[in-house]
file protein.pdb (PDB, C-alpha atoms)
ATOM      1  CA  GLU S   1     -74.532-133.262 -83.088
ATOM      2  CA  SER S   2     -73.852-131.632 -86.422
ATOM      3  CA  ASP S   3     -74.855-128.113 -87.314
ATOM      4  CA  ASP S   4     -77.529-127.241 -89.815
ATOM      5  CA  GLU S   5     -76.275-125.808 -93.082
ATOM      6  CA  ASP S   6     -78.136-124.467 -96.062
ATOM      7  CA  GLU S   7     -76.436-123.095 -99.151
ATOM      8  CA  SER S   8     -78.900-120.243 -99.345
ATOM      9  CA  ASP S   9     -77.791-119.151 -95.870
ATOM     10  CA  SER S  10     -74.100-119.061 -96.763
ATOM     11  CA  SER S  11     -72.127-115.845 -96.434
ATOM     12  CA  ASP S  12     -71.824-113.727 -99.538
ATOM     13  CA  ASP S  13     -68.264-112.708 -98.664
ATOM     14  CA  GLU S  14     -65.727-114.513-100.841
ATOM     15  CA  SER S  15     -63.065-114.245 -98.150
ATOM     16  CA  ASP S  16     -65.071-116.668 -95.997
ATOM     17  CA  TYR S  17     -64.231-119.430 -98.461
ATOM     18  CA  GLU S  18     -60.478-118.943 -98.640
ATOM     19  CA  SER S  19     -58.136-118.824 -95.642
ATOM     20  CA  ASP S  20     -54.853-116.962 -95.482
ATOM     21  CA  ASN S  21     -52.906-119.984 -94.221
ATOM     22  CA  GLU S  22     -54.158-122.714 -96.582
ATOM     23  CA  ASP S  23     -50.763-122.978 -98.302
ATOM     24  CA  GLU S  24     -49.253-124.092 -94.996
ATOM     25  CA  PHE S  25     -51.040-127.439 -95.282
ATOM     26  CA  THR S  26     -50.413-130.316 -97.661
ATOM     27  CA  GLU S  27     -53.360-131.809 -99.525
ATOM     28  CA  ASP S  28     -53.516-134.714 -97.052
ATOM     29  CA  ASP S  29     -53.557-132.250 -94.155
ATOM     30  CA  ARG S  30     -56.278-130.111 -95.716
ATOM     31  CA  TYR S  31     -58.692-133.001 -96.271
ATOM     32  CA  GLN S  32     -58.378-135.019 -93.084
ATOM     33  CA  PHE S  33     -61.277-137.293 -92.285
ATOM     34  CA  GLU S  34     -62.561-139.555 -89.558
ATOM     35  CA  PRO S  35     -60.345-142.683 -89.298
ATOM     36  CA  LYS S  36     -63.349-145.002 -89.085
ATOM     37  CA  VAL S  37     -64.663-143.747 -92.432
ATOM     38  CA  ARG S  38     -61.308-143.501 -94.237
ATOM     39  CA  PRO S  39     -61.197-147.207 -95.357
ATOM     40  CA  ILE S  40     -64.594-146.872 -97.077
ATOM     41  CA  TYR S  41     -63.546-143.603 -98.662
ATOM     42  CA  ASN S  42     -60.298-145.145 -99.952
ATOM     43  CA  ALA S  43     -62.119-148.177-101.371
ATOM     44  CA  PHE S  44     -64.572-145.866-103.131
ATOM     45  CA  LYS S  45     -61.737-143.862-104.710
ATOM     46  CA  LYS S  46     -59.958-147.026-105.835
ATOM     47  CA  ALA S  47     -63.089-148.475-107.473
ATOM     48  CA  ASN S  48     -63.738-145.268-109.421
ATOM     49  CA  SER S  49     -60.106-145.001-110.542
ATOM     50  CA  CYS S  50     -60.426-148.399-112.216
ATOM     51  CA  VAL S  51     -63.207-147.034-114.438
ATOM     52  CA  CYS S  52     -62.334-143.363-114.907
ATOM     53  CA  ILE S  53     -58.755-143.858-116.057
ATOM     54  CA  ARG S  54     -58.534-140.638-118.093
ATOM     55  CA  PRO S  55     -61.179-137.900-117.828
ATOM     56  CA  GLY S  56     -62.666-136.491-121.010
ATOM     57  CA  THR S  57     -62.840-132.867-122.101
ATOM     58  CA  TYR S  58     -66.013-132.077-120.146
ATOM     59  CA  VAL S  59     -65.992-132.428-116.366
ATOM     60  CA  THR S  60     -68.134-131.165-113.503
ATOM     61  CA  ILE S  61     -67.619-130.206-109.876
ATOM     62  CA  ASP S  62     -70.374-130.695-107.340
ATOM     63  CA  GLU S  63     -70.983-131.710-103.760
ATOM     64  CA  MET S  64     -72.072-135.186-102.668
ATOM     65  CA  MET S  65     -73.623-136.412 -99.437
ATOM     66  CA  ALA S  66     -73.204-139.882 -97.951
ATOM     67  CA  ARG S  67     -76.057-140.645 -95.578
ATOM     68  CA  PHE S  68     -75.039-141.011 -91.937
ATOM     69  CA  LYS S  69     -77.227-140.423 -88.877
ATOM     70  CA  GLY S  70     -74.827-141.474 -86.150
ATOM     71  CA  LYS S  71     -72.798-139.185 -83.916
ATOM     72  CA  SER S  72     -69.981-137.381 -85.661
ATOM     73  CA  ARG S  73     -68.390-133.942 -85.539
ATOM     74  CA  GLU S  74     -67.790-134.095 -89.308
ATOM     75  CA  THR S  75     -71.353-134.475 -90.648
ATOM     76  CA  TYR S  76     -73.643-131.802 -92.059
ATOM     77  CA  ARG S  77     -77.385-131.329 -92.104
ATOM     78  CA  MET S  78     -78.676-129.894 -95.378
ATOM     79  CA  ARG S  79     -82.267-128.720 -95.463
ATOM     80  CA  GLY S  80     -84.184-129.444 -98.659
ATOM     81  CA  LYS S  81     -81.709-132.031 -99.962
ATOM     82  CA  PRO S  82     -82.451-135.681-100.918
ATOM     83  CA  ILE S  83     -79.915-136.751 -98.275
ATOM     84  CA  ARG S  84     -80.441-134.339 -95.426
ATOM     85  CA  GLU S  85     -77.736-135.558 -93.057
ATOM     86  CA  GLY S  86     -74.373-137.182 -93.581
ATOM     87  CA  TYR S  87     -70.795-136.780 -94.709
ATOM     88  CA  LYS S  88     -70.068-134.185 -97.371
ATOM     89  CA  PHE S  89     -67.693-134.657-100.298
ATOM     90  CA  PHE S  90     -66.666-132.433-103.190
ATOM     91  CA  ALA S  91     -66.071-134.350-106.409
ATOM     92  CA  LEU S  92     -64.817-133.758-109.919
ATOM     93  CA  CYS S  93     -66.621-136.094-112.321
ATOM     94  CA  ASP S  94     -66.123-137.049-115.940
ATOM     95  CA  ALA S  95     -69.270-135.990-117.814
ATOM     96  CA  GLU S  96     -68.966-138.761-120.406
ATOM     97  CA  SER S  97     -68.386-141.803-118.187
ATOM     98  CA  LYS S  98     -70.347-140.340-115.221
ATOM     99  CA  PHE S  99     -67.639-141.632-112.872
ATOM    100  CA  ILE S 100     -65.584-139.683-110.362
ATOM    101  CA  TRP S 101     -62.080-138.580-111.268
ATOM    102  CA  ARG S 102     -61.183-136.999-107.919
ATOM    103  CA  ILE S 103     -63.031-136.635-104.638
ATOM    104  CA  PHE S 104     -62.228-134.851-101.365
ATOM    105  CA  PRO S 105     -63.977-135.254 -98.008
ATOM    106  CA  TYR S 106     -65.199-131.961 -96.575
ATOM    107  CA  GLY S 107     -65.429-132.461 -92.838
ATOM    108  CA  ARG S 108     -67.137-129.833 -90.734
ATOM    109  CA  VAL S 109     -64.286-129.774 -88.215
ATOM    110  CA  SER S 110     -61.150-131.322 -89.699
ATOM    111  CA  THR S 111     -61.066-129.801 -93.201
ATOM    112  CA  LYS S 112     -58.519-126.985 -93.228
ATOM    113  CA  CYS S 113     -59.438-125.101 -96.380
ATOM    114  CA  GLY S 114     -62.317-123.285 -98.043
ATOM    115  CA  ILE S 115     -64.399-123.946-101.122
ATOM    116  CA  ILE S 116     -62.152-121.913-103.429
ATOM    117  CA  THR S 117     -59.049-123.933-102.568
ATOM    118  CA  THR S 118     -61.007-127.171-102.922
ATOM    119  CA  VAL S 119     -62.145-126.188-106.428
ATOM    120  CA  VAL S 120     -58.568-125.374-107.431
ATOM    121  CA  ASP S 121     -57.211-128.617-105.947
ATOM    122  CA  LEU S 122     -59.820-130.592-107.889
ATOM    123  CA  VAL S 123     -59.074-128.987-111.260
ATOM    124  CA  LYS S 124     -55.325-129.237-110.701
ATOM    125  CA  SER S 125     -55.733-133.004-110.405
ATOM    126  CA  LEU S 126     -56.657-133.159-114.114
ATOM    127  CA  PRO S 127     -53.853-134.666-116.208
ATOM    128  CA  ASP S 128     -52.085-132.855-119.048
ATOM    129  CA  ARG S 129     -53.575-129.446-118.278
ATOM    130  CA  GLY S 130     -52.375-126.957-120.846
ATOM    131  CA  ILE S 131     -51.980-129.732-123.407
ATOM    132  CA  LYS S 132     -55.439-131.272-123.235
ATOM    133  CA  HIS S 133     -58.547-129.081-123.378
ATOM    134  CA  PHE S 134     -60.800-129.171-120.289
ATOM    135  CA  VAL S 135     -64.117-127.422-119.598
ATOM    136  CA  CYS S 136     -65.445-127.654-116.029
ATOM    137  CA  ALA S 137     -69.112-126.957-115.267
ATOM    138  CA  MET S 138     -70.150-125.970-111.755
ATOM    139  CA  ASP S 139     -73.072-124.282-110.052
ATOM    140  CA  ASN S 140     -73.225-121.099-108.026
ATOM    141  CA  TYR S 141     -71.950-122.794-104.870
ATOM    142  CA  PHE S 142     -68.471-122.830-106.441
ATOM    143  CA  THR S 143     -68.246-120.007-109.002
ATOM    144  CA  TYR S 144     -66.441-117.384-106.968
ATOM    145  CA  ASP S 145     -64.397-114.818-108.853
ATOM    146  CA  SER S 146     -61.146-116.025-107.302
ATOM    147  CA  ALA S 147     -61.945-119.678-108.042
ATOM    148  CA  ILE S 148     -62.676-118.912-111.702
ATOM    149  CA  ASN S 149     -59.473-116.908-112.146
ATOM    150  CA  LYS S 150     -57.382-119.634-110.524
ATOM    151  CA  CYS S 151     -58.970-122.308-112.730
ATOM    152  CA  VAL S 152     -58.011-120.262-115.791
ATOM    153  CA  ASP S 153     -54.467-119.966-114.439
ATOM    154  CA  ALA S 154     -54.491-123.788-114.153
ATOM    155  CA  HIS S 155     -55.493-124.036-117.864
ATOM    156  CA  VAL S 156     -59.041-125.237-117.184
ATOM    157  CA  HIS S 157     -62.121-123.487-118.604
ATOM    158  CA  VAL S 158     -65.116-122.809-116.347
ATOM    159  CA  CYS S 159     -68.798-122.295-117.080
ATOM    160  CA  GLY S 160     -71.840-122.290-114.852
ATOM    161  CA  THR S 161     -74.371-120.342-112.869
ATOM    162  CA  ALA S 162     -73.365-117.708-110.317
ATOM    163  CA  LYS S 163     -75.042-115.786-107.527
ATOM    164  CA  ALA S 164     -74.735-112.153-106.526
ATOM    165  CA  LYS S 165     -72.350-111.604-103.630
ATOM    166  CA  ARG S 166     -70.894-108.613-101.839
ATOM    167  CA  GLY S 167     -69.087-106.637-104.539
ATOM    168  CA  TRP S 168     -70.029-109.035-107.333
ATOM    169  CA  PRO S 169     -71.149-108.815-110.087
ATOM    170  CA  PRO S 170     -69.889-105.334-111.037
ATOM    171  CA  ALA S 171     -72.431-102.544-110.699
ATOM    172  CA  VAL S 172     -72.501-101.945-114.460
ATOM    173  CA  ILE S 173     -74.384-105.211-114.962
ATOM    174  CA  LYS S 174     -75.958-105.651-111.527
ATOM    175  CA  SER S 175     -77.763-102.327-111.939
ATOM    176  CA  GLN S 176     -79.398-103.398-115.200
ATOM    177  CA  ASN S 177     -83.186-103.240-114.855
ATOM    178  CA  ASP S 178     -84.121-104.977-118.096
ATOM    179  CA  GLY S 179     -86.833-107.422-117.041
ATOM    180  CA  ARG S 180     -87.831-108.687-120.479
ATOM    181  CA  PHE S 181     -88.060-112.466-120.680
ATOM    182  CA  ASN S 182     -84.982-114.056-122.285
ATOM    183  CA  SER S 183     -83.083-110.761-122.415
ATOM    184  CA  LEU S 184     -79.319-111.105-122.129
ATOM    185  CA  HIS S 185     -76.585-108.663-121.120
ATOM    186  CA  HIS S 186     -72.919-109.415-120.700
ATOM    187  CA  ILE S 187     -69.627-107.848-119.641
ATOM    188  CA  THR S 188     -66.038-108.988-119.214
ATOM    189  CA  ALA S 189     -64.921-109.556-115.623
ATOM    190  CA  LYS S 190     -62.385-107.180-114.107
ATOM    191  CA  SER S 191     -59.633-109.792-114.465
ATOM    192  CA  GLY S 192     -60.376-110.093-118.184
ATOM    193  CA  LYS S 193     -60.426-113.882-117.800
ATOM    194  CA  TYR S 194     -64.147-114.609-118.085
ATOM    195  CA  LYS S 195     -67.518-113.266-119.189
ATOM    196  CA  ILE S 196     -70.421-112.438-116.867
ATOM    197  CA  TYR S 197     -73.931-112.837-118.277
ATOM    198  CA  ARG S 198     -77.222-111.509-116.920
ATOM    199  CA  TRP S 199     -80.127-113.518-118.334
ATOM    200  CA  VAL S 200     -83.810-113.167-117.496
ATOM    201  CA  ASP S 201     -85.816-116.358-117.079
ATOM    202  CA  ASN S 202     -88.505-116.404-114.393
ATOM    203  CA  ASN S 203     -85.959-114.384-112.396
ATOM    204  CA  VAL S 204     -82.574-112.849-113.125
ATOM    205  CA  VAL S 205     -79.912-115.529-113.606
ATOM    206  CA  TYR S 206     -76.185-114.801-113.581
ATOM    207  CA  LEU S 207     -73.893-117.003-115.645
ATOM    208  CA  VAL S 208     -70.116-117.095-115.985
ATOM    209  CA  SER S 209     -67.946-118.583-118.695
ATOM    210  CA  THR S 210     -64.334-118.596-119.771
ATOM    211  CA  TYR S 211     -65.270-120.823-122.706
ATOM    212  CA  HIS S 212     -68.034-118.958-124.551
ATOM    213  CA  ASP S 213     -67.768-115.639-126.319
ATOM    214  CA  ALA S 214     -70.490-112.989-126.325
ATOM    215  CA  SER S 215     -72.103-114.391-129.482
TER     216      SER S 215
END

call {"tool": "encode", "arguments": {"input": "protein.pdb", "output": "structure tokens"}}
result
Amino acid sequence: ESDDEDESDSSDDESDYESDNEDEFTEDDRYQFEPKVRPIYNAFKKANSCVCIRPGTYVTIDEMMARFKGKSRETYRMRGKPIREGYKFFALCDAESKFIWRIFPYGRVSTKCGIITTVVDLVKSLPDRGIKHFVCAMDNYFTYDSAINKCVDAHVHVCGTAKAKRGWPPAVIKSQNDGRFNSLHHITAKSGKYKIYRWVDNNVVYLVSTYHDAS
């Protein structure tokens, strides 16, 4: 049976999402998948590639679940999700066409990389990076400091929500105690490659962006 997983229970240590030996594997090695599901996965990729021929400027990265309740070592159980059990995929989608540009299976056993490497592999699949302008939106499941910096190095902008982790955000903004509704504070990340924003809604919300300036 598959293990339960909940994003809110995930470790706050960035090193848990990036292995030291990931560069030893090719992309095909990193994203192995169950042979019985591979034909469906390949057909799905082929159908989307016929529609999403060239992604637009604005893209998104998110996780997807394909419902499956049979026996498999590769499935996840996700409490509080519309699909609570099944196969997990990480996908980069074109915001304009709403179709998938690139998708990777994320098996519980066979996948040989972490979330950070998966994010970087997805953005590096975008064509003409450095010539064409890309902005990738993602939520706090993906916005690790290392992932953001590597996306910038790959000539792709990032914006999205973020969550406090061990050692992040820097104390200068994490220690802010301004609780006024709609108040906003910001700093530049240590790498100098993106901005960190602290915004107060019903609770404190952290945001990151390489695309927006402080204004």

call {"tool": "atom_distance", "arguments": {"input": "protein.pdb", "atom1": "atom CA of Phe89 of chain S", "atom2": "atom CA of Tyr106 of chain S"}}
result
5.2 Å

call {"tool": "atom_distance", "arguments": {"input": "protein.pdb", "atom1": "atom CA of Ala189 of chain S", "atom2": "atom CA of Ala171 of chain S"}}
result
11.4 Å

call {"tool": "resolve_selection", "arguments": {"input": "protein.pdb", "expression": "the PyMOL selection byres ((chain S and resi 110) around 9)", "output": "PDB file with C-alpha atoms, keeping the file's coordinate frame"}}
result
ATOM      1  CA  ASP S  29     -53.557-132.250 -94.155  1.00  0.00           C
ATOM      2  CA  ARG S  30     -56.278-130.111 -95.716  1.00  0.00           C
ATOM      3  CA  TYR S  31     -58.692-133.001 -96.271  1.00  0.00           C
ATOM      4  CA  GLN S  32     -58.378-135.019 -93.084  1.00  0.00           C
ATOM      5  CA  PHE S  33     -61.277-137.293 -92.285  1.00  0.00           C
ATOM      6  CA  GLU S  34     -62.561-139.555 -89.558  1.00  0.00           C
ATOM      7  CA  ARG S  73     -68.390-133.942 -85.539  1.00  0.00           C
ATOM      8  CA  GLU S  74     -67.790-134.095 -89.308  1.00  0.00           C
ATOM      9  CA  TYR S 106     -65.199-131.961 -96.575  1.00  0.00           C
ATOM     10  CA  GLY S 107     -65.429-132.461 -92.838  1.00  0.00           C
ATOM     11  CA  ARG S 108     -67.137-129.833 -90.734  1.00  0.00           C
ATOM     12  CA  VAL S 109     -64.286-129.774 -88.215  1.00  0.00           C
ATOM     13  CA  THR S 111     -61.066-129.801 -93.201  1.00  0.00           C
ATOM     14  CA  LYS S 112     -58.519-126.985 -93.228  1.00  0.00           C
TER      15      LYS S 112
END

call {"tool": "closest_residue", "arguments": {"input": "protein.pdb", "among": "S:Gly179, S:Gly192, S:Pro105, S:Gly160", "to": "Glu27 of chain S", "atoms": "only C-alpha atoms"}}
result
S:Pro105

call {"tool": "atom_distance", "arguments": {"input": "protein.pdb", "atom1": "atom CA of Val158 of chain S", "atom2": "atom CA of His186 of chain S"}}
result
16.1 Å

call {"tool": "residues_around", "arguments": {"input": "protein.pdb", "residues": "Arg198 of chain S", "least_positions_apart": "6", "cutoff": "10 Å", "atoms": "all atoms listed in the file", "output": "PyMOL selection string"}}
result
chain S and resi 162+169+173-174+176+178+182-187+204-208

call {"tool": "residues_around", "arguments": {"input": "protein.pdb", "residues": "segment 51-64 of chain S", "least_positions_apart": "3", "cutoff": "10 Å", "atoms": "all atoms listed in the file", "output": "PyMOL selection string"}}
result
chain S and resi 46-48+67+83+86-106+119+122-123+126-127+132-139+141-142+156-160

call {"tool": "resolve_selection", "arguments": {"input": "protein.pdb", "expression": "the PyMOL selection byres ((chain S and resi 194) around 8)", "output": "list in words"}}
result
Ile148, Asn149, Thr188, Ala189, Ser191, Gly192, Lys193, Lys195, Ile196, Val208, Ser209, Thr210 and Tyr211 of chain S

call {"tool": "closest_residue", "arguments": {"input": "protein.pdb", "among": "S:Asp145, S:Lys150, S:Asp213, S:Lys81", "to": "Ala164 of chain S", "atoms": "only C-alpha atoms"}}
result
S:Asp145

call {"tool": "closest_residue", "arguments": {"input": "protein.pdb", "among": "S:Ala154, S:Val172, S:Met78, S:Ala66", "to": "Gly130 of chain S", "atoms": "only C-alpha atoms"}}
result
S:Ala154
